[in-house]
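Chemist: To start, I am sharing the structure in question, which I have written as structure tokens.
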Amino acid sequence: MQGQRGSEVALLLLIAGFAIWLAQDAARRSFSFENLVLMVPVAGLILLLCGILAVAALRRAPQEAGGGLARVLGLLALLGGLVAGLETIGFDAAAFLFLLAATALLGERRPLVLLAYAGIMTFVIIMTLGFMLPYEMPTLLLDPPR
Amino acid sequence: MIDQTALASAAALLGESWTPWLVVPPGLLLGLIFGAIPGLSVPIAMAVFLPVTVHLDFLSAVLFLTSIFTGGGFGAAIPAVLMNVPGSSSAVATTFDGHPMARQGRHSEALGLALAASCAGSALGYVILLLVVGWVADAVLLLGPLEMFAIAAWGLTLIAVLHEGSFIKALLAGLLGVMIGMIGMSARGDMRGTFDSLALVDGIPVVPALIGLFAASEMFRLMRRDYIVEDKELRRPAFSRILAGVGMALRHPLVVARGGLIGIGVGAIPGVGAAVANLLSYAETKRRAKDPSVFGKGEPRGVIASESANSSSEGGSIATLLALGIPGGSATAVMLGAFAMHNVTGGPRFISENLDLVYAIILGNFVQVVVLAVLGLGFLFFAASLVRVPLRYLIPGVLLLALLGCFSITGDMMGPITMVVFAGLGYWLREHGFPVAAVVIGLLLGPAAESELLRSMQVSGGDPAFLLQRPVATAVLLLLVASLFYPLLRRRRRA
């Protein structure tokens, strides 16, 4: 089992596992008819469909995964880093680093362009949102008007 | 049908001074900008600018807020067409054919189509509203949980219509959406899948999930290209092609009319609104088409169906607000705030005692649609230039804006975290041919279907004969069955 086929089966296992977990969690909270009236039939149907699709995937000839997965995972990791950084290093610093790294990951190599793009975008977005939103947005350097 | 005296009085109210109209162009522009940025929704724009309306008289305040509403209703179509990223849940169906058109280099036409359909749909909605506003309160009060369940169930059948490829995969994706939608506190008060965390009591935040499924996963796919439109010649924005799109929309009056009617009807139902109207209209247009297989591949009727419905639903939601004082969604909830700031309470009495003001609001909205048609053309010319920006700059910028937009929706880290998780899931699903639109439909309608079904069972005591006492629900369910079997019957007749 390799490439696309393995990835599809893994996805189906994840969906099936999620359905089982949610249905059993709901049943554990309350076994009443009202609580499970939609949950159990939907979970049952999901398991059935996952089974059908998994068998179909396993019967198919193996295919290699499409290219570019490393870059997708890299960008996803950068997004995760951005989320982690917003409230720890500040919205401005996290946004600047994300833009810098993501633009470089996507192929921009000129350092001045990278710095200028990340700097200008960070300034415009953080200052505008900081002014408009009623929520606290911790920042490292920028001080949006309130 | 129309009280002529009140109508004349409304016209006089709007025409006696030009000052109330001054707020319309900035309101429309704000709506266009906020609508066009994924995550920065129209309700946020309305909430941010609500304090400004304190200094305006009631009519100007309502005109300003409804201008933002009108502009934003269309603005959401711009990223839907250009980047396959719906600016809000009301533009999900616009992506189905709008973005394929953009990838074929027909982005200017697609944007023109969307603008014309949006304006025509809204205009039709307001004409109908002018005729029926007096009856809206009675009509909405006829809708009980069984009717709401029937409408949600109708919406869920969209999964069967919208699939491109494997029906089993579409069904599984839809059911996954329903299942995810059941996380949180149930209608009965049971906590399900929350890990006892308060952050999940209200369930998974829908808009961040939608942005992750659509926007972020689409950005991951676009990474393989250098530009949204590969052909350099086709990238250049052309005003003539935007106008050609406008002309194209006007050649399909039936699609616009159907979308307008669905939009105003669904929009008037509190809690349903534009998010469902665009999907229903798209599905009905595809079902009735002689050649449904062309949908999803850049078919102009798909864009028209979606945009005419989501725009006219705005009229429906304003009708409910005026007639019952009930906000149908977050945008009308902000408008209710403006009502309160001016000591105005919506409801049947407000309509009977201030019919001239109600007509003035509707006529004012009608004029806004005309102004939007002009202002929108100019805005689109600049928006269409977005396809000239290299994707290595566009993708990080859009992702950052979308993520901060999700923060602005939830006010905490729940929004951004949801977006990132659903971005990964959306990409994984798409890579294996699962339609993410089906997940969104399940997520939007599954919880509503469950809670309305439960309420119906409680009201009826589980007696199926209850259905016979609810003619509206029976009619909707019959329409649902008919719309499911109509394509099959037609195919058989053709064979």
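Quick note on naming: the chains in the structure tokens go A, B, ... in the order shown, residues restart at 1 in each chain, and ligands are numbered from 1 in order of appearance.
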Write out as a PyMOL selection string which residues come within 12 Å of region 76-79 of chain A when counting only C-alpha atoms, dropping same-chain ones fewer than 5 positions away.
Modeler: (chain A and resi 69-71+84-86+94-106) or (chain B and resi 212+216-217+219-220+395-404+416-428)
Chemist: Please produce, as CSV, a per-residue contact table for chain A versus chain B (criterion: any atom at most 7 Å away, only C-alpha atoms considered), showing the nearest atom pair and its distance in Å to one decimal, sorted by chain then residue number.
Modeler:
```
residue,atom,partner,partner_atom,distance
A:Glu8,CA,B:His432,CA,6.4
A:Leu22,CA,B:Gly193,CA,5.6
A:Asp25,CA,B:Gly193,CA,6.1
A:Ala26,CA,B:Arg192,CA,4.9
A:Arg29,CA,B:Asp190,CA,6.6
A:Ser30,CA,B:Asp190,CA,6.9
A:Glu34,CA,B:Leu454,CA,6.6
A:Asn35,CA,B:Arg188,CA,6.8
A:Leu38,CA,B:Glu450,CA,6.4
A:Val42,CA,B:Leu175,CA,6.4
A:Ile46,CA,B:Leu172,CA,6.1
A:Leu49,CA,B:Leu172,CA,6.4
A:Val72,CA,B:Phe220,CA,5.7
A:Leu79,CA,B:Val420,CA,6.7
A:Gly80,CA,B:Val420,CA,6.8
A:Val83,CA,B:Pro416,CA,6.4
A:Leu99,CA,B:Pro396,CA,5.8
A:Ala102,CA,B:Pro396,CA,5.9
A:Thr103,CA,B:Arg392,CA,5.6
A:Leu106,CA,B:Arg392,CA,5.1
A:Gly107,CA,B:Arg392,CA,6.5
A:Glu108,CA,B:Arg392,CA,6.9
A:Met132,CA,B:Val48,CA,6.4
A:Leu133,CA,B:Ser408,CA,6.7
A:Tyr135,CA,B:Gly411,CA,6.1
```
Chemist: Write the residues you've just listed into a file as a short mmCIF file (atom, residue, chain, number, x, y, z; two decimals), in the first residue's frame, and include C-alpha atoms for each of them.
Modeler:
```
data_model
loop_
_atom_site.label_atom_id
_atom_site.label_comp_id
_atom_site.auth_asym_id
_atom_site.auth_seq_id
_atom_site.Cartn_x
_atom_site.Cartn_y
_atom_site.Cartn_z
CA GLU A 8 -7.04 7.67 1.02
CA LEU A 22 -18.35 11.08 18.61
CA ASP A 25 -19.14 10.10 23.47
CA ALA A 26 -22.74 11.20 22.85
CA ARG A 29 -23.41 11.50 27.99
CA SER A 30 -27.00 10.39 27.48
CA GLU A 34 -33.51 12.48 21.48
CA ASN A 35 -29.75 12.64 21.90
CA LEU A 38 -29.59 11.59 14.18
CA VAL A 42 -25.35 9.09 10.58
CA ILE A 46 -20.46 6.82 7.69
CA LEU A 49 -19.54 4.20 3.32
CA VAL A 72 1.82 21.98 1.34
CA LEU A 79 0.10 28.38 9.55
CA GLY A 80 0.31 26.32 12.74
CA VAL A 83 -1.48 30.48 15.28
CA LEU A 99 4.68 36.28 5.53
CA ALA A 102 5.64 31.63 3.40
CA THR A 103 6.68 33.96 0.57
CA LEU A 106 6.63 29.79 -2.43
CA GLY A 107 9.69 30.82 -4.38
CA GLU A 108 10.60 34.47 -3.70
CA MET A 132 -11.34 48.00 13.97
CA LEU A 133 -11.61 44.96 16.22
CA TYR A 135 -10.64 42.34 20.93
#
```
Chemist: Using the chain letters and numbers from this document, which residues of region 304-422 of chain B does DSSP assign to alpha helix (DSSP H), as number ranges by chain?
Modeler: B: 304-324, 330-341, 348-353, 355-383, 391-410, 414-422
Chemist: Go ahead and compute the interatomic distance for CA of Gly260 (chain B) and CA of Ile362 (chain B), in Å to one decimal.
Modeler: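 These atoms are spaced 15.5 Å apart.
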Chemist: Using only C-alpha atoms, can you tell me which of B:Met148, B:Leu130, B:Leu82, B:Met335 comes closest to Ile351 (chain B)?
Modeler: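 Under the stated criterion, the closest residue is B:Leu130.
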Chemist: What lies within 12 Å of Val92 (chain B) using only C-alpha atoms, ignoring chain neighbours under 6 positions off, as a PyMOL selection string?
Modeler: chain B and resi 38+76-81+83-86+98-99+162+207+210-211+213-215+274-282+302-303+305-307+309-310+436-441+444
Chemist: Go ahead and write the selection's residues with C-alpha atoms as an mmCIF file, in the first residue's frame.
Modeler:
```cif
data_model
loop_
_atom_site.group_PDB
_atom_site.id
_atom_site.type_symbol
_atom_site.label_atom_id
_atom_site.label_comp_id
_atom_site.auth_asym_id
_atom_site.auth_seq_id
_atom_site.Cartn_x
_atom_site.Cartn_y
_atom_site.Cartn_z
ATOM 1 C CA PRO B 38 -12.660 36.312 3.553
ATOM 2 C CA ALA B 76 -18.355 38.062 -1.146
ATOM 3 C CA ALA B 77 -18.607 36.924 -4.773
ATOM 4 C CA ILE B 78 -15.281 38.539 -5.731
ATOM 5 C CA PRO B 79 -12.918 36.154 -3.867
ATOM 6 C CA ALA B 80 -15.340 33.307 -4.665
ATOM 7 C CA VAL B 81 -14.779 33.897 -8.371
ATOM 8 C CA MET B 83 -9.727 32.536 -5.714
ATOM 9 C CA ASN B 84 -12.386 29.862 -5.096
ATOM 10 C CA VAL B 85 -12.715 31.367 -1.636
ATOM 11 C CA PRO B 86 -16.245 32.437 -0.708
ATOM 12 C CA GLY B 98 -17.370 31.248 -10.927
ATOM 13 C CA HIS B 99 -13.874 29.983 -10.173
ATOM 14 C CA LEU B 162 -23.849 19.022 -6.227
ATOM 15 C CA VAL B 207 -17.350 30.334 9.218
ATOM 16 C CA LEU B 210 -15.761 27.034 5.963
ATOM 17 C CA ILE B 211 -12.810 29.349 5.325
ATOM 18 C CA LEU B 213 -12.168 24.014 3.991
ATOM 19 C CA PHE B 214 -12.453 26.344 1.020
ATOM 20 C CA ALA B 215 -9.900 29.125 1.280
ATOM 21 C CA ALA B 274 -28.385 33.648 2.356
ATOM 22 C CA ALA B 275 -26.183 30.701 3.376
ATOM 23 C CA VAL B 276 -28.902 28.295 2.274
ATOM 24 C CA ALA B 277 -30.561 30.415 -0.433
ATOM 25 C CA ASN B 278 -27.540 30.396 -2.763
ATOM 26 C CA LEU B 279 -27.164 26.616 -2.509
ATOM 27 C CA LEU B 280 -30.878 25.945 -3.039
ATOM 28 C CA SER B 281 -31.036 28.240 -6.044
ATOM 29 C CA TYR B 282 -27.909 26.687 -7.580
ATOM 30 C CA GLY B 302 -24.470 28.632 -11.920
ATOM 31 C CA VAL B 303 -23.054 32.039 -10.997
ATOM 32 C CA ALA B 305 -28.384 31.323 -9.723
ATOM 33 C CA SER B 306 -26.190 31.733 -6.673
ATOM 34 C CA GLU B 307 -25.753 35.497 -6.788
ATOM 35 C CA ALA B 309 -30.495 34.274 -4.552
ATOM 36 C CA ASN B 310 -27.978 35.450 -1.960
ATOM 37 C CA VAL B 436 -15.659 20.056 0.421
ATOM 38 C CA ALA B 437 -18.894 21.881 -0.493
ATOM 39 C CA ALA B 438 -20.796 18.793 0.708
ATOM 40 C CA VAL B 439 -19.018 18.998 4.092
ATOM 41 C CA VAL B 440 -20.069 22.652 4.346
ATOM 42 C CA ILE B 441 -23.705 21.846 3.493
ATOM 43 C CA LEU B 444 -24.588 24.270 7.977
#
```
Chemist: Quick one: of B:Gly378, B:Gly112, B:Gly296, B:Gly462, who's nearest to Gly245 (chain B), counting only C-alpha atoms?
Modeler: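 Answer, going by the shortest atom-to-atom distance: B:Gly112.
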Chemist: What residues in region 169-285 of chain B get the DSSP label strand (DSSP E or B)? Please answer as number ranges by chain.
Modeler: B: 184-185, 191-192
Chemist: Go ahead and write the selection's residues with C-alpha atoms as a compact mmCIF listing (two decimals), in the first residue's frame.
Modeler:
```txt
# COMPACT_ATOMS: atom_id res chain seq x y z
CA GLY B 184 -21.34 20.88 21.03
CA MET B 185 -24.47 21.16 23.13
CA MET B 191 -22.66 17.96 25.55
CA ARG B 192 -21.26 15.90 22.68
```
Chemist: Residues at most 8 Å from Arg5 (chain A), counting only C-alpha atoms, excluding those fewer than 6 positions away in the same chain, as a list in words?
Modeler: Ala57, Leu58, Arg60, Pro62 and Gln63 of chain A
Chemist: Print the selection's residues with all heavy atoms to a file, as a short mmCIF file (atom, residue, chain, number, x, y, z; two decimals), in the first residue's frame.
Modeler:
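Resulting contents of selection.cif:
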```
data_model
loop_
_atom_site.label_atom_id
_atom_site.label_comp_id
_atom_site.auth_asym_id
_atom_site.auth_seq_id
_atom_site.Cartn_x
_atom_site.Cartn_y
_atom_site.Cartn_z
N ALA A 57 -10.70 1.37 -2.66
CA ALA A 57 -9.34 1.95 -2.75
C ALA A 57 -8.28 0.85 -2.73
O ALA A 57 -7.31 0.91 -3.48
CB ALA A 57 -9.12 2.93 -1.59
N LEU A 58 -8.50 -0.17 -1.88
CA LEU A 58 -7.51 -1.24 -1.79
C LEU A 58 -7.45 -2.11 -3.05
O LEU A 58 -6.43 -2.70 -3.37
CB LEU A 58 -7.80 -2.12 -0.56
CG LEU A 58 -7.53 -1.43 0.79
CD1 LEU A 58 -8.06 -2.26 1.94
CD2 LEU A 58 -6.04 -1.16 0.97
N ARG A 60 -7.90 -0.90 -6.02
CA ARG A 60 -7.32 -0.11 -7.12
C ARG A 60 -5.82 -0.32 -7.21
O ARG A 60 -5.17 -0.59 -6.20
CB ARG A 60 -7.59 1.39 -6.88
CG ARG A 60 -8.70 1.94 -7.74
CD ARG A 60 -8.68 3.45 -7.80
NE ARG A 60 -8.31 4.12 -6.59
CZ ARG A 60 -9.17 4.61 -5.69
NH1 ARG A 60 -10.47 4.47 -5.90
NH2 ARG A 60 -8.76 5.24 -4.62
N PRO A 62 -2.05 0.63 -7.14
CA PRO A 62 -1.40 1.71 -6.39
C PRO A 62 -0.95 2.85 -7.30
O PRO A 62 -0.51 2.62 -8.42
CB PRO A 62 -0.18 1.03 -5.76
CG PRO A 62 -0.35 -0.41 -5.97
CD PRO A 62 -1.30 -0.63 -7.09
N GLN A 63 -1.11 4.09 -6.79
CA GLN A 63 -0.67 5.27 -7.53
C GLN A 63 0.25 6.08 -6.63
O GLN A 63 0.07 6.09 -5.41
CB GLN A 63 -1.87 6.18 -7.86
CG GLN A 63 -2.77 5.66 -8.96
CD GLN A 63 -3.99 6.56 -9.08
OE1 GLN A 63 -4.72 6.75 -8.10
NE2 GLN A 63 -4.20 7.11 -10.25
#
```
Chemist: Taking 3 positions as the minimum chain separation for residues in the same chain, which residues sit within 6 Å of Gly125 (chain B) when counting only C-alpha atoms? Answer as a list in words.
Modeler: Ser122, Ile128, Gly260, Ile264, Ser312 and Gly315 of chain B
Chemist: Report the distance between CA of Val54 (chain B) and CA of Met341 (chain B) in Å, rounded to one decimal place.
Modeler: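 Calculated distance between CA of Val54 (chain B) and CA of Met341 (chain B) is 6.8 Å.
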Chemist: For Leu56 (chain B), which of B:Tyr359, B:Phe366, B:Phe69, B:Phe339 is the closest residue, counting only C-alpha atoms?
Modeler: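 Using only C-alpha atoms, the shortest distance to Leu56 (chain B) belongs to B:Phe339.
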